Structures are given as C-alpha cells and as structure tokens.
>>> print(open('coords_6.cif').read())   # mmCIF, N, CA and C atoms
data_structure
#
loop_
_atom_site.label_atom_id
_atom_site.label_comp_id
_atom_site.auth_asym_id
_atom_site.auth_seq_id
_atom_site.Cartn_x
_atom_site.Cartn_y
_atom_site.Cartn_z
N LEU K 1 19.48 -2.42 7.63
CA LEU K 1 18.46 -3.43 7.40
C LEU K 1 17.66 -3.05 6.16
N ARG K 2 17.44 -4.02 5.31
CA ARG K 2 16.57 -3.81 4.15
C ARG K 2 15.15 -4.17 4.57
N LEU K 3 14.21 -3.31 4.27
CA LEU K 3 12.81 -3.50 4.66
C LEU K 3 11.97 -3.81 3.43
N GLU K 4 11.18 -4.88 3.52
CA GLU K 4 10.32 -5.27 2.41
C GLU K 4 8.95 -5.68 2.94
N SER K 5 7.96 -5.49 2.09
CA SER K 5 6.60 -5.88 2.40
C SER K 5 6.06 -6.69 1.23
N GLN K 6 5.36 -7.79 1.49
CA GLN K 6 4.74 -8.55 0.41
C GLN K 6 3.71 -7.69 -0.31
N ARG K 7 3.10 -6.81 0.42
CA ARG K 7 2.05 -5.96 -0.13
C ARG K 7 2.62 -4.81 -0.97
N SER K 8 3.69 -4.17 -0.48
CA SER K 8 4.21 -2.96 -1.11
C SER K 8 5.58 -3.11 -1.76
N GLY K 9 6.24 -4.24 -1.57
CA GLY K 9 7.57 -4.42 -2.14
C GLY K 9 8.64 -3.77 -1.30
N ASP K 10 9.65 -3.22 -1.96
CA ASP K 10 10.80 -2.61 -1.30
C ASP K 10 10.38 -1.34 -0.55
N LEU K 11 10.71 -1.28 0.73
CA LEU K 11 10.38 -0.11 1.56
C LEU K 11 11.61 0.70 1.92
N GLY K 12 12.75 0.35 1.33
CA GLY K 12 13.97 1.08 1.64
C GLY K 12 14.78 0.39 2.70
N SER K 13 15.50 1.19 3.46
CA SER K 13 16.36 0.61 4.49
C SER K 13 16.23 1.39 5.79
N SER K 14 16.76 0.77 6.82
CA SER K 14 16.71 1.35 8.15
C SER K 14 18.10 1.27 8.75
N GLY K 15 18.48 2.30 9.48
CA GLY K 15 19.84 2.36 9.99
C GLY K 15 19.96 2.08 11.47
N GLU K 16 21.12 2.38 11.97
CA GLU K 16 21.48 2.14 13.37
C GLU K 16 20.50 2.82 14.32
N GLY K 17 20.13 2.10 15.37
CA GLY K 17 19.27 2.66 16.40
C GLY K 17 17.80 2.67 16.09
N THR K 18 17.40 2.06 14.99
CA THR K 18 16.01 2.07 14.58
C THR K 18 15.24 0.94 15.25
N ALA K 19 14.06 1.25 15.74
CA ALA K 19 13.16 0.24 16.30
C ALA K 19 12.21 -0.21 15.19
N ILE K 20 12.05 -1.51 15.07
CA ILE K 20 11.18 -2.07 14.04
C ILE K 20 10.19 -3.03 14.70
N GLY K 21 8.95 -2.99 14.27
CA GLY K 21 7.97 -3.97 14.73
C GLY K 21 7.30 -3.65 16.05
N GLY K 22 7.31 -2.39 16.44
CA GLY K 22 6.73 -2.02 17.74
C GLY K 22 5.26 -2.38 17.87
N LEU K 23 4.50 -2.27 16.79
CA LEU K 23 3.07 -2.60 16.88
C LEU K 23 2.84 -4.06 17.25
N SER K 24 3.80 -4.93 16.91
CA SER K 24 3.62 -6.34 17.25
C SER K 24 3.64 -6.58 18.75
N LEU K 25 4.13 -5.61 19.52
CA LEU K 25 4.07 -5.72 20.97
C LEU K 25 2.65 -5.48 21.47
N LEU K 26 1.88 -4.72 20.71
CA LEU K 26 0.53 -4.35 21.12
C LEU K 26 -0.55 -5.17 20.44
N LEU K 27 -0.29 -5.63 19.22
CA LEU K 27 -1.29 -6.32 18.42
C LEU K 27 -0.82 -7.70 18.01
N VAL K 28 -1.73 -8.65 17.98
CA VAL K 28 -1.41 -9.98 17.50
C VAL K 28 -1.89 -10.06 16.06
N GLY K 29 -1.06 -10.61 15.18
CA GLY K 29 -1.47 -10.75 13.79
C GLY K 29 -0.29 -10.97 12.88
N THR K 30 -0.57 -10.93 11.60
CA THR K 30 0.44 -11.14 10.57
C THR K 30 1.41 -9.97 10.54
N ARG K 31 2.67 -10.27 10.41
CA ARG K 31 3.69 -9.23 10.29
C ARG K 31 3.66 -8.69 8.87
N GLU K 32 3.71 -7.38 8.74
CA GLU K 32 3.63 -6.74 7.43
C GLU K 32 4.99 -6.52 6.79
N ILE K 33 6.05 -6.45 7.59
CA ILE K 33 7.36 -6.07 7.07
C ILE K 33 8.40 -7.13 7.44
N THR K 34 9.28 -7.40 6.49
CA THR K 34 10.42 -8.27 6.73
C THR K 34 11.68 -7.40 6.72
N ALA K 35 12.49 -7.51 7.75
CA ALA K 35 13.75 -6.78 7.84
C ALA K 35 14.88 -7.78 7.66
N THR K 36 15.78 -7.48 6.72
CA THR K 36 16.90 -8.37 6.42
C THR K 36 18.21 -7.60 6.60
N ALA K 37 19.10 -8.13 7.43
CA ALA K 37 20.39 -7.49 7.64
C ALA K 37 21.24 -7.64 6.38
N VAL K 38 21.80 -6.54 5.91
CA VAL K 38 22.66 -6.57 4.72
C VAL K 38 24.13 -6.37 5.09
N VAL K 39 24.38 -6.06 6.35
CA VAL K 39 25.72 -5.96 6.91
C VAL K 39 25.66 -6.61 8.29
N PRO K 40 26.82 -6.95 8.88
CA PRO K 40 26.78 -7.51 10.24
C PRO K 40 25.99 -6.58 11.16
N THR K 41 25.07 -7.15 11.91
CA THR K 41 24.12 -6.35 12.69
C THR K 41 23.91 -6.95 14.07
N ARG K 42 23.78 -6.09 15.06
CA ARG K 42 23.40 -6.52 16.41
C ARG K 42 21.94 -6.16 16.59
N VAL K 43 21.15 -7.14 16.98
CA VAL K 43 19.71 -6.94 17.13
C VAL K 43 19.31 -7.22 18.56
N LEU K 44 18.52 -6.34 19.12
CA LEU K 44 17.93 -6.57 20.44
C LEU K 44 16.45 -6.86 20.23
N GLN K 45 15.97 -7.91 20.85
CA GLN K 45 14.58 -8.30 20.66
C GLN K 45 13.83 -8.22 21.99
N LEU K 46 12.65 -7.60 21.93
CA LEU K 46 11.74 -7.59 23.07
C LEU K 46 10.51 -8.35 22.63
N THR K 47 10.31 -9.53 23.22
CA THR K 47 9.15 -10.33 22.84
C THR K 47 7.87 -9.71 23.41
N ARG K 48 6.75 -10.08 22.86
CA ARG K 48 5.47 -9.58 23.35
C ARG K 48 5.26 -10.00 24.80
N ALA K 49 5.64 -11.24 25.14
CA ALA K 49 5.49 -11.71 26.52
C ALA K 49 6.33 -10.89 27.48
N ALA K 50 7.57 -10.58 27.09
CA ALA K 50 8.43 -9.76 27.94
C ALA K 50 7.88 -8.34 28.07
N PHE K 51 7.36 -7.79 26.97
CA PHE K 51 6.75 -6.47 27.02
C PHE K 51 5.56 -6.44 27.97
N LEU K 52 4.71 -7.46 27.90
CA LEU K 52 3.53 -7.50 28.77
C LEU K 52 3.95 -7.60 30.24
N ARG K 53 5.02 -8.36 30.52
CA ARG K 53 5.53 -8.42 31.90
C ARG K 53 6.05 -7.06 32.33
N LEU K 54 6.79 -6.40 31.45
CA LEU K 54 7.31 -5.06 31.74
C LEU K 54 6.16 -4.10 32.04
N ALA K 55 5.14 -4.11 31.20
CA ALA K 55 4.00 -3.20 31.37
C ALA K 55 3.28 -3.47 32.69
N GLU K 56 3.26 -4.72 33.10
CA GLU K 56 2.60 -5.08 34.35
C GLU K 56 3.45 -4.71 35.56
N ASP K 57 4.75 -5.00 35.49
CA ASP K 57 5.64 -4.78 36.62
C ASP K 57 6.12 -3.33 36.75
N ARG K 58 6.30 -2.67 35.62
CA ARG K 58 6.83 -1.30 35.59
C ARG K 58 5.90 -0.46 34.72
N THR K 59 4.76 -0.13 35.29
CA THR K 59 3.68 0.52 34.54
C THR K 59 4.15 1.77 33.79
N ARG K 60 4.93 2.60 34.43
CA ARG K 60 5.38 3.85 33.79
C ARG K 60 6.25 3.56 32.57
N ALA K 61 7.17 2.61 32.69
CA ALA K 61 8.03 2.25 31.55
C ALA K 61 7.18 1.66 30.41
N GLY K 62 6.22 0.83 30.75
CA GLY K 62 5.34 0.26 29.74
C GLY K 62 4.54 1.33 29.03
N LEU K 63 4.04 2.30 29.79
CA LEU K 63 3.27 3.38 29.20
C LEU K 63 4.14 4.22 28.27
N ARG K 64 5.36 4.50 28.66
CA ARG K 64 6.27 5.28 27.79
C ARG K 64 6.53 4.54 26.49
N LEU K 65 6.70 3.24 26.58
CA LEU K 65 6.93 2.46 25.37
C LEU K 65 5.69 2.47 24.47
N ILE K 66 4.52 2.34 25.05
CA ILE K 66 3.28 2.41 24.28
C ILE K 66 3.15 3.78 23.61
N GLN K 67 3.48 4.84 24.32
CA GLN K 67 3.41 6.18 23.74
C GLN K 67 4.37 6.32 22.57
N ALA K 68 5.58 5.79 22.70
CA ALA K 68 6.56 5.87 21.62
C ALA K 68 6.10 5.08 20.40
N ILE K 69 5.56 3.89 20.62
CA ILE K 69 5.06 3.07 19.52
C ILE K 69 3.91 3.77 18.81
N THR K 70 3.00 4.34 19.59
CA THR K 70 1.85 5.04 19.03
C THR K 70 2.28 6.27 18.23
N ALA K 71 3.24 7.02 18.74
CA ALA K 71 3.74 8.20 18.04
C ALA K 71 4.40 7.81 16.72
N GLU K 72 5.17 6.73 16.73
CA GLU K 72 5.81 6.24 15.50
C GLU K 72 4.76 5.82 14.48
N PHE K 73 3.74 5.12 14.94
CA PHE K 73 2.66 4.68 14.04
C PHE K 73 1.92 5.88 13.47
N ALA K 74 1.61 6.86 14.30
CA ALA K 74 0.89 8.06 13.84
C ALA K 74 1.72 8.80 12.79
N ALA K 75 3.03 8.89 12.99
CA ALA K 75 3.89 9.55 12.01
C ALA K 75 3.88 8.80 10.68
N ALA K 76 3.89 7.48 10.72
CA ALA K 76 3.85 6.68 9.49
C ALA K 76 2.51 6.87 8.77
N VAL K 77 1.43 6.94 9.52
CA VAL K 77 0.11 7.17 8.91
C VAL K 77 0.07 8.54 8.26
N ARG K 78 0.57 9.56 8.96
CA ARG K 78 0.59 10.91 8.38
C ARG K 78 1.43 10.95 7.10
N GLU K 79 2.57 10.27 7.12
CA GLU K 79 3.44 10.23 5.94
C GLU K 79 2.69 9.57 4.77
N GLY K 80 1.99 8.48 5.05
CA GLY K 80 1.22 7.82 4.00
C GLY K 80 0.11 8.70 3.46
N LEU K 81 -0.56 9.40 4.34
CA LEU K 81 -1.62 10.32 3.91
C LEU K 81 -1.05 11.46 3.06
N ASP K 82 0.11 11.97 3.45
CA ASP K 82 0.74 13.03 2.67
C ASP K 82 1.07 12.55 1.26
N ARG K 83 1.54 11.30 1.14
CA ARG K 83 1.85 10.75 -0.18
C ARG K 83 0.60 10.58 -1.02
N MET K 84 -0.53 10.27 -0.38
CA MET K 84 -1.78 10.12 -1.12
C MET K 84 -2.28 11.46 -1.63
N VAL K 85 -2.07 12.51 -0.84
CA VAL K 85 -2.53 13.85 -1.23
C VAL K 85 -1.66 14.44 -2.32
N SER K 86 -0.35 14.26 -2.21
CA SER K 86 0.56 14.82 -3.23
C SER K 86 1.54 13.75 -3.67
N PRO K 87 1.08 12.85 -4.57
CA PRO K 87 1.95 11.76 -5.03
C PRO K 87 3.15 12.28 -5.81
N ALA K 88 4.27 11.57 -5.65
CA ALA K 88 5.50 11.95 -6.36
C ALA K 88 5.33 11.70 -7.86
N GLY K 89 5.94 12.56 -8.67
CA GLY K 89 5.94 12.33 -10.10
C GLY K 89 4.77 12.93 -10.73
#
>>> encode(input="coords_6.cif", output="structure tokens")
Amino acid sequence: LRLESQRSGDLGSSGEGTAIGGLSLLLVGTREITATAVVPTRVLQLTRAAFLRLAEDRTRAGLRLIQAITAEFAAAVREGLDRMVSPAG
C-alpha cells in the first residue's frame, strides 16, 4: 500500500499484515492518511460501529485492541520527535 497525506505528501509504503487507521476506531474526525493498493491486495475492515460493539460485548478483546492502537500511536509520536531532534541531512 502506498501511503500519502495531504499535509505531508508521500509517507512511503506499508506491507503485508500492517494495520492502518486504528485511531479512527477511537476518534471521530478527518482522516489524515490515504492508503492506495499498488498490487492486488486483500483488505480486512473493522468499522468503528463494529469495534464499539466488540468493546462492549468482549471487553478484554476491546481493551487489547485499544492498547495495541495506543502503542502504535505512541511509537509514531516518538519517531516524529526523534526526527525533530536529529533531522536527516
């Protein structure tokens, strides 16, 4: 998948097994990233409504998913902060 942002432009690509858009399960708002398949791709989608039902019906599974989304977001923030501290070039 090719990843792009209107704000930042080309963000590179993402490979097999990658989860994209996890924050949209927790937050309502504008999507920041567009993912475009550049090869035949199988996509699994979990809608926000389905996630909320899962979190309500299977609390432990919902909590694990929230923890995974939060950890992924924290890693992205740390990566961004690292780039600000020591920019390439």
>>> residues_around(input="coords_6.cif", residues="stretch 16-23 of chain K", least_positions_apart="2", cutoff="8 Å", atoms="all atoms listed in the file", output="list in words")
Leu1, Ser13, Ser14, Leu25, Leu26, Leu27, Val28, Gly29, Ile33, Ala68, Ile69, Thr70 and Phe73 of chain K
>>> atom_distance(input="coords_6.cif", atom1="atom C of K:Val43", atom2="atom CA of K:Arg2")
15.1 Å
>>> select_by_dssp(input="coords_6.cif", residues="chain K", states="alpha helix (DSSP H)", output="ChimeraX atom specification")
/K:23-26,48-57,59-85
>>> atom_distance(input="coords_6.cif", atom1="atom CA of K:Phe51", atom2="atom CA of K:Leu65")
9.1 Å
>>> select_by_dssp(input="coords_6.cif", residues="chain K", states="strand (DSSP E)", output="list in words")
Arg2, Leu3, Glu4, Ser5, Gly9, Asp10, Leu11, Gly12, Ser13, Thr34, Ala35 and Thr36 of chain K
>>> closest_residue(input="coords_6.cif", among="K:Asp82, K:Asp10, K:Glu4, K:Asp57", to="K:Thr34", atoms="all atoms listed in the file")
K:Glu4
>>> resolve_selection(input="coords_6.cif", expression="the PyMOL selection byres (((chain K and resi 32 and name CA) around 8) and name CA)", output="list in words")
Ser5, Gln6, Arg7, Thr30, Arg31, Ile33 and Thr34 of chain K
>>> atom_distance(input="coords_6.cif", atom1="atom C of K:Arg83", atom2="atom N of K:Leu3")
20.2 Å
